[in-house]
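A short write-up of the structure that comes next.
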Amino acid sequence: MRAEPIELAAALGRFDQLWSPRIVAIVNDYDVRIAKVAGEHVWHSHDDTDEFFLVLDGELRIALRDGADGAEREVVLPRGAVFVVPRGVEHRPFAPDGASILMFEPSGTSSVGDRHDEVPAHVDATTGHRL
């Protein structure tokens with residue numbers, strides 16, 4: 001990574017793929033990733049890490065299965081909102097009208113978690129791509 005400022009809007013303009021995060025910076029052993037998203041991701045969970053989301057543009061929704069009985073709930077994140085999905089919680093991000101997001105997670109973390117449903121063709125199962 002270069003030691004120069006990164007303008008996030010310009011970085012987002014460098015790719016079009018949805019659900020395919022790009023690594024814009026590394027902080028200690030954590031990736032700072034940006035992604036364009038639209039439609040649904042896949043139900044998944046991360047066994048050993050929380051997942052941080054910041055909405056840069058649009059609106060992101062995250063379905064969660066975090067009740068004792070596996071009941072689902074949904075959080076809505078408008079532009080500028082942050083949310084952390086705790087480790088081990090099944091979740092499915094989605095953006096009916098599209099969004100741009102920033103995620104902060106340990107380097108090497110899979111975009112589809114440690115456990116997940118079948119990955120659809122529109123979701124990139126990756127540990128992030130260099131910008």
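By convention here, the chains of the structure tokens are called A, B, ... in the order presented, each chain's residues are numbered starting at 1, and ligands are numbered starting at 1 in the order presented.
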
Worksheet item: Which polymer residues have any atom within 12 Å of an atom of Arg14 in chain A, counting only C-alpha atoms, with same-chain residues fewer than 2 positions away left out, as number ranges by chain?
Response: A: 7-12, 16-17, 21-22, 24, 34-36, 130-131

Keeping only all heavy atoms, write those residues as a compact mmCIF listing (two decimals), in the first residue's frame.
```
# COMPACT_ATOMS: atom_id res chain seq x y z
N GLU A 7 -8.85 9.05 -1.81
CA GLU A 7 -10.16 9.68 -1.86
C GLU A 7 -11.16 8.58 -2.18
O GLU A 7 -11.10 7.94 -3.23
CB GLU A 7 -10.15 10.78 -2.93
CG GLU A 7 -11.17 11.85 -2.71
CD GLU A 7 -12.55 11.43 -3.18
OE1 GLU A 7 -12.66 10.94 -4.30
OE2 GLU A 7 -13.51 11.56 -2.40
N LEU A 8 -12.06 8.29 -1.26
CA LEU A 8 -12.92 7.12 -1.39
C LEU A 8 -13.86 7.18 -2.58
O LEU A 8 -14.08 6.16 -3.25
CB LEU A 8 -13.71 6.90 -0.09
CG LEU A 8 -12.86 6.51 1.12
CD1 LEU A 8 -13.75 6.37 2.35
CD2 LEU A 8 -12.11 5.21 0.85
N ALA A 9 -14.41 8.34 -2.91
CA ALA A 9 -15.30 8.43 -4.08
C ALA A 9 -14.54 8.09 -5.35
O ALA A 9 -15.05 7.37 -6.22
CB ALA A 9 -15.92 9.83 -4.17
N ALA A 10 -13.30 8.57 -5.48
CA ALA A 10 -12.49 8.25 -6.65
C ALA A 10 -12.15 6.76 -6.67
O ALA A 10 -12.18 6.11 -7.72
CB ALA A 10 -11.21 9.08 -6.65
N ALA A 11 -11.85 6.19 -5.51
CA ALA A 11 -11.55 4.76 -5.44
C ALA A 11 -12.76 3.93 -5.86
O ALA A 11 -12.62 2.94 -6.59
CB ALA A 11 -11.10 4.38 -4.03
N LEU A 12 -13.94 4.32 -5.42
CA LEU A 12 -15.16 3.61 -5.82
C LEU A 12 -15.41 3.72 -7.32
O LEU A 12 -15.99 2.82 -7.92
CB LEU A 12 -16.37 4.13 -5.04
CG LEU A 12 -16.44 3.67 -3.59
CD1 LEU A 12 -17.35 4.58 -2.77
CD2 LEU A 12 -16.90 2.22 -3.52
N ASP A 16 -16.58 -1.54 -10.98
CA ASP A 16 -18.04 -1.61 -11.10
C ASP A 16 -18.63 -2.86 -10.45
O ASP A 16 -19.84 -2.92 -10.23
CB ASP A 16 -18.47 -1.60 -12.58
CG ASP A 16 -18.20 -0.26 -13.23
OD1 ASP A 16 -18.41 0.77 -12.58
OD2 ASP A 16 -17.76 -0.27 -14.40
N GLN A 17 -17.82 -3.86 -10.16
CA GLN A 17 -18.33 -5.13 -9.65
C GLN A 17 -19.03 -4.95 -8.30
O GLN A 17 -18.54 -4.25 -7.43
CB GLN A 17 -17.20 -6.15 -9.49
CG GLN A 17 -16.51 -6.51 -10.77
CD GLN A 17 -15.42 -5.53 -11.17
OE1 GLN A 17 -15.13 -4.55 -10.48
NE2 GLN A 17 -14.83 -5.77 -12.32
N PRO A 21 -15.31 -6.63 -2.64
CA PRO A 21 -14.59 -5.59 -1.89
C PRO A 21 -13.17 -5.35 -2.39
O PRO A 21 -12.47 -6.26 -2.81
CB PRO A 21 -14.58 -6.11 -0.46
CG PRO A 21 -14.90 -7.56 -0.55
CD PRO A 21 -15.65 -7.78 -1.80
N ARG A 22 -12.78 -4.06 -2.31
CA ARG A 22 -11.43 -3.62 -2.66
C ARG A 22 -10.74 -3.13 -1.39
O ARG A 22 -11.33 -2.40 -0.60
CB ARG A 22 -11.48 -2.49 -3.69
CG ARG A 22 -12.15 -2.84 -5.01
CD ARG A 22 -11.49 -4.05 -5.66
NE ARG A 22 -11.82 -4.22 -7.06
CZ ARG A 22 -12.75 -5.05 -7.52
NH1 ARG A 22 -13.48 -5.76 -6.68
NH2 ARG A 22 -12.96 -5.18 -8.81
N VAL A 24 -8.46 -0.73 0.40
CA VAL A 24 -7.94 0.62 0.17
C VAL A 24 -6.83 0.99 1.15
O VAL A 24 -6.07 1.91 0.89
CB VAL A 24 -9.05 1.70 0.20
CG1 VAL A 24 -10.01 1.49 -0.96
CG2 VAL A 24 -9.79 1.72 1.52
N ILE A 34 -13.62 -1.28 0.67
CA ILE A 34 -14.80 -0.60 0.15
C ILE A 34 -15.49 -1.53 -0.84
O ILE A 34 -14.84 -2.39 -1.44
CB ILE A 34 -14.46 0.75 -0.51
CG1 ILE A 34 -13.45 0.58 -1.65
CG2 ILE A 34 -14.00 1.76 0.54
CD1 ILE A 34 -13.22 1.84 -2.48
N ALA A 35 -16.79 -1.35 -0.98
CA ALA A 35 -17.53 -2.18 -1.93
C ALA A 35 -18.76 -1.43 -2.41
O ALA A 35 -19.33 -0.61 -1.69
CB ALA A 35 -17.95 -3.50 -1.28
N LYS A 36 -19.14 -1.76 -3.62
CA LYS A 36 -20.44 -1.35 -4.16
C LYS A 36 -21.35 -2.55 -3.98
O LYS A 36 -20.94 -3.70 -4.23
CB LYS A 36 -20.32 -1.00 -5.64
CG LYS A 36 -19.47 0.22 -5.90
CD LYS A 36 -19.37 0.48 -7.38
CE LYS A 36 -18.55 1.72 -7.64
NZ LYS A 36 -18.44 1.99 -9.09
N ARG A 130 -6.89 -5.98 -4.18
CA ARG A 130 -6.15 -4.71 -4.12
C ARG A 130 -6.83 -3.71 -5.04
O ARG A 130 -7.28 -4.07 -6.12
CB ARG A 130 -4.70 -4.90 -4.54
CG ARG A 130 -3.94 -5.84 -3.65
CD ARG A 130 -3.45 -5.13 -2.45
NE ARG A 130 -2.73 -6.08 -1.60
CZ ARG A 130 -2.45 -5.86 -0.35
NH1 ARG A 130 -2.86 -4.75 0.21
NH2 ARG A 130 -1.82 -6.74 0.37
N LEU A 131 -6.90 -2.49 -4.61
CA LEU A 131 -7.52 -1.45 -5.44
C LEU A 131 -6.64 -1.17 -6.65
O LEU A 131 -5.47 -1.12 -6.62
CB LEU A 131 -7.71 -0.17 -4.61
CG LEU A 131 -8.41 0.96 -5.29
CD1 LEU A 131 -9.83 0.57 -5.70
CD2 LEU A 131 -8.46 2.16 -4.37
```

Worksheet item: Using only C-alpha atoms, which residues sit within 9 Å of Leu60 in chain A once same-chain residues fewer than 3 positions away are excluded, as a ChimeraX atom specification?
Response: /A:37-38,55,57,75-79,93-101

Worksheet item: What lies within 12 Å of Ala25 in chain A using only C-alpha atoms, ignoring chain neighbours under 4 positions off, as a ChimeraX atom specification?
Response: /A:1-8,11,21,29-34,102-107,128-131

Any chance you can output those residues with N, CA, C and O atoms as an mmCIF file, in the first residue's frame?
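The new file selection.cif reads:
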```cif
data_model
loop_
_atom_site.group_PDB
_atom_site.id
_atom_site.type_symbol
_atom_site.label_atom_id
_atom_site.label_comp_id
_atom_site.auth_asym_id
_atom_site.auth_seq_id
_atom_site.Cartn_x
_atom_site.Cartn_y
_atom_site.Cartn_z
ATOM 1 N N MET A 1 0.846 -1.177 0.000
ATOM 2 C CA MET A 1 0.000 0.000 0.000
ATOM 3 C C MET A 1 0.894 1.242 0.000
ATOM 4 O O MET A 1 1.912 1.280 0.666
ATOM 5 N N ARG A 2 0.441 2.215 -0.744
ATOM 6 C CA ARG A 2 1.185 3.473 -0.818
ATOM 7 C C ARG A 2 0.809 4.359 0.365
ATOM 8 O O ARG A 2 -0.319 4.344 0.821
ATOM 9 N N ALA A 3 1.784 5.145 0.799
ATOM 10 C CA ALA A 3 1.551 6.059 1.918
ATOM 11 C C ALA A 3 1.076 7.408 1.388
ATOM 12 O O ALA A 3 1.747 8.426 1.538
ATOM 13 N N GLU A 4 -0.078 7.395 0.721
ATOM 14 C CA GLU A 4 -0.678 8.613 0.205
ATOM 15 C C GLU A 4 -2.167 8.590 0.512
ATOM 16 O O GLU A 4 -2.759 7.519 0.662
ATOM 17 N N PRO A 5 -2.796 9.758 0.588
ATOM 18 C CA PRO A 5 -4.238 9.788 0.861
ATOM 19 C C PRO A 5 -5.022 9.074 -0.238
ATOM 20 O O PRO A 5 -4.622 9.073 -1.405
ATOM 21 N N ILE A 6 -6.141 8.507 0.149
ATOM 22 C CA ILE A 6 -7.038 7.840 -0.789
ATOM 23 C C ILE A 6 -8.391 8.529 -0.690
ATOM 24 O O ILE A 6 -8.982 8.592 0.392
ATOM 25 N N GLU A 7 -8.852 9.045 -1.809
ATOM 26 C CA GLU A 7 -10.163 9.678 -1.857
ATOM 27 C C GLU A 7 -11.163 8.578 -2.179
ATOM 28 O O GLU A 7 -11.099 7.942 -3.232
ATOM 29 N N LEU A 8 -12.058 8.292 -1.261
ATOM 30 C CA LEU A 8 -12.924 7.122 -1.388
ATOM 31 C C LEU A 8 -13.858 7.177 -2.583
ATOM 32 O O LEU A 8 -14.077 6.162 -3.248
ATOM 33 N N ALA A 11 -11.850 6.188 -5.514
ATOM 34 C CA ALA A 11 -11.545 4.757 -5.436
ATOM 35 C C ALA A 11 -12.755 3.928 -5.858
ATOM 36 O O ALA A 11 -12.621 2.943 -6.590
ATOM 37 N N PRO A 21 -15.312 -6.627 -2.637
ATOM 38 C CA PRO A 21 -14.592 -5.591 -1.893
ATOM 39 C C PRO A 21 -13.173 -5.347 -2.389
ATOM 40 O O PRO A 21 -12.474 -6.263 -2.808
ATOM 41 N N ASP A 29 -3.077 -5.306 11.293
ATOM 42 C CA ASP A 29 -3.429 -6.532 10.569
ATOM 43 C C ASP A 29 -4.882 -6.505 10.112
ATOM 44 O O ASP A 29 -5.516 -7.547 9.981
ATOM 45 N N TYR A 30 -5.416 -5.320 9.861
ATOM 46 C CA TYR A 30 -6.806 -5.161 9.437
ATOM 47 C C TYR A 30 -6.871 -4.512 8.058
ATOM 48 O O TYR A 30 -6.101 -3.603 7.755
ATOM 49 N N ASP A 31 -7.813 -4.996 7.252
ATOM 50 C CA ASP A 31 -8.077 -4.384 5.953
ATOM 51 C C ASP A 31 -9.186 -3.350 6.091
ATOM 52 O O ASP A 31 -10.183 -3.585 6.775
ATOM 53 N N VAL A 32 -9.005 -2.244 5.405
ATOM 54 C CA VAL A 32 -10.076 -1.277 5.199
ATOM 55 C C VAL A 32 -10.545 -1.536 3.771
ATOM 56 O O VAL A 32 -9.773 -1.384 2.825
ATOM 57 N N ARG A 33 -11.785 -2.001 3.630
ATOM 58 C CA ARG A 33 -12.316 -2.411 2.333
ATOM 59 C C ARG A 33 -13.509 -1.545 1.961
ATOM 60 O O ARG A 33 -14.296 -1.165 2.822
ATOM 61 N N ILE A 34 -13.620 -1.277 0.667
ATOM 62 C CA ILE A 34 -14.801 -0.601 0.152
ATOM 63 C C ILE A 34 -15.487 -1.525 -0.838
ATOM 64 O O ILE A 34 -14.842 -2.386 -1.444
ATOM 65 N N LEU A 102 -18.023 0.810 3.482
ATOM 66 C CA LEU A 102 -16.662 0.603 3.947
ATOM 67 C C LEU A 102 -16.734 -0.431 5.054
ATOM 68 O O LEU A 102 -17.615 -0.365 5.916
ATOM 69 N N MET A 103 -15.825 -1.404 5.004
ATOM 70 C CA MET A 103 -15.765 -2.450 6.024
ATOM 71 C C MET A 103 -14.365 -2.470 6.620
ATOM 72 O O MET A 103 -13.389 -2.168 5.933
ATOM 73 N N PHE A 104 -14.276 -2.842 7.864
ATOM 74 C CA PHE A 104 -13.004 -2.913 8.586
ATOM 75 C C PHE A 104 -12.963 -4.284 9.232
ATOM 76 O O PHE A 104 -13.811 -4.594 10.070
ATOM 77 N N GLU A 105 -12.013 -5.122 8.791
ATOM 78 C CA GLU A 105 -11.948 -6.479 9.324
ATOM 79 C C GLU A 105 -10.543 -7.051 9.200
ATOM 80 O O GLU A 105 -9.744 -6.553 8.401
ATOM 81 N N PRO A 106 -10.213 -8.084 9.981
ATOM 82 C CA PRO A 106 -8.868 -8.653 9.922
ATOM 83 C C PRO A 106 -8.494 -9.087 8.501
ATOM 84 O O PRO A 106 -9.321 -9.638 7.772
ATOM 85 N N SER A 107 -7.255 -8.824 8.120
ATOM 86 C CA SER A 107 -6.774 -9.250 6.806
ATOM 87 C C SER A 107 -6.996 -10.750 6.649
ATOM 88 O O SER A 107 -6.809 -11.519 7.590
ATOM 89 N N GLY A 128 -10.748 -10.026 -0.441
ATOM 90 C CA GLY A 128 -10.533 -8.649 -0.862
ATOM 91 C C GLY A 128 -9.544 -8.567 -2.011
ATOM 92 O O GLY A 128 -8.634 -9.375 -2.122
ATOM 93 N N HIS A 129 -9.766 -7.599 -2.872
ATOM 94 C CA HIS A 129 -8.881 -7.350 -4.004
ATOM 95 C C HIS A 129 -8.152 -6.040 -3.761
ATOM 96 O O HIS A 129 -8.731 -5.093 -3.229
ATOM 97 N N ARG A 130 -6.893 -5.983 -4.185
ATOM 98 C CA ARG A 130 -6.152 -4.708 -4.119
ATOM 99 C C ARG A 130 -6.828 -3.709 -5.040
ATOM 100 O O ARG A 130 -7.280 -4.074 -6.117
ATOM 101 N N LEU A 131 -6.897 -2.491 -4.614
ATOM 102 C CA LEU A 131 -7.516 -1.447 -5.440
ATOM 103 C C LEU A 131 -6.640 -1.171 -6.655
ATOM 104 O O LEU A 131 -5.475 -1.123 -6.624
#
```

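Here the helix (DSSP H, G or I) residues in chain A, by DSSP on the backbone, are Leu8, Ala9, Ala10, Ala11 and Leu12 of chain A.
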
Response to the item:
CA of Asp66 in chain A sits from CA of Asp114 in chain A at a separation of 16.5 Å

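Note that the spacing between CA of Val123 in chain A and CA of Arg61 in chain A amounts to 16.2 Å.
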
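Remark: for Thr127 in chain A, the closest of the candidate residues A:Ile23, A:Ala68, A:Leu18, A:Val82 is A:Ile23 (distances computed over only C-alpha atoms).
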
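In this model, the gap between CA of Glu51 in chain A and CA of Val89 in chain A comes to 9.8 Å.
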
Discussion item. Please return, as a PyMOL selection string, all residues of chain A that DSSP assigns to strand (DSSP E) on the basis of the backbone.
Written reply: chain A and resi 22-27+30-40+44-45+51-58+60-65+72-77+82-85+90-106+115-116+129-130

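Proximity of A:Leu54, A:Val84, A:Val27, A:Ile62 to Gly39 in chain A, computed with only C-alpha atoms, is greatest for A:Ile62.
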
Worksheet item: What lies within 8 Å of Val119 in chain A using only C-alpha atoms, ignoring chain neighbours under 5 positions off, as a VMD selection string?
Response: chain A and resid 42 112 125

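Closest approach to Glu40 in chain A among A:Pro120, A:Gly113, A:Pro86, A:Gly80 is made by A:Pro120 (distances from only C-alpha atoms).
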
Discussion item. Restricting the calculation to only C-alpha atoms: of A:Arg73, A:Gly13, A:Thr126, A:His44, which residue gets closest to Gly108 in chain A?
Written reply: A:Thr126
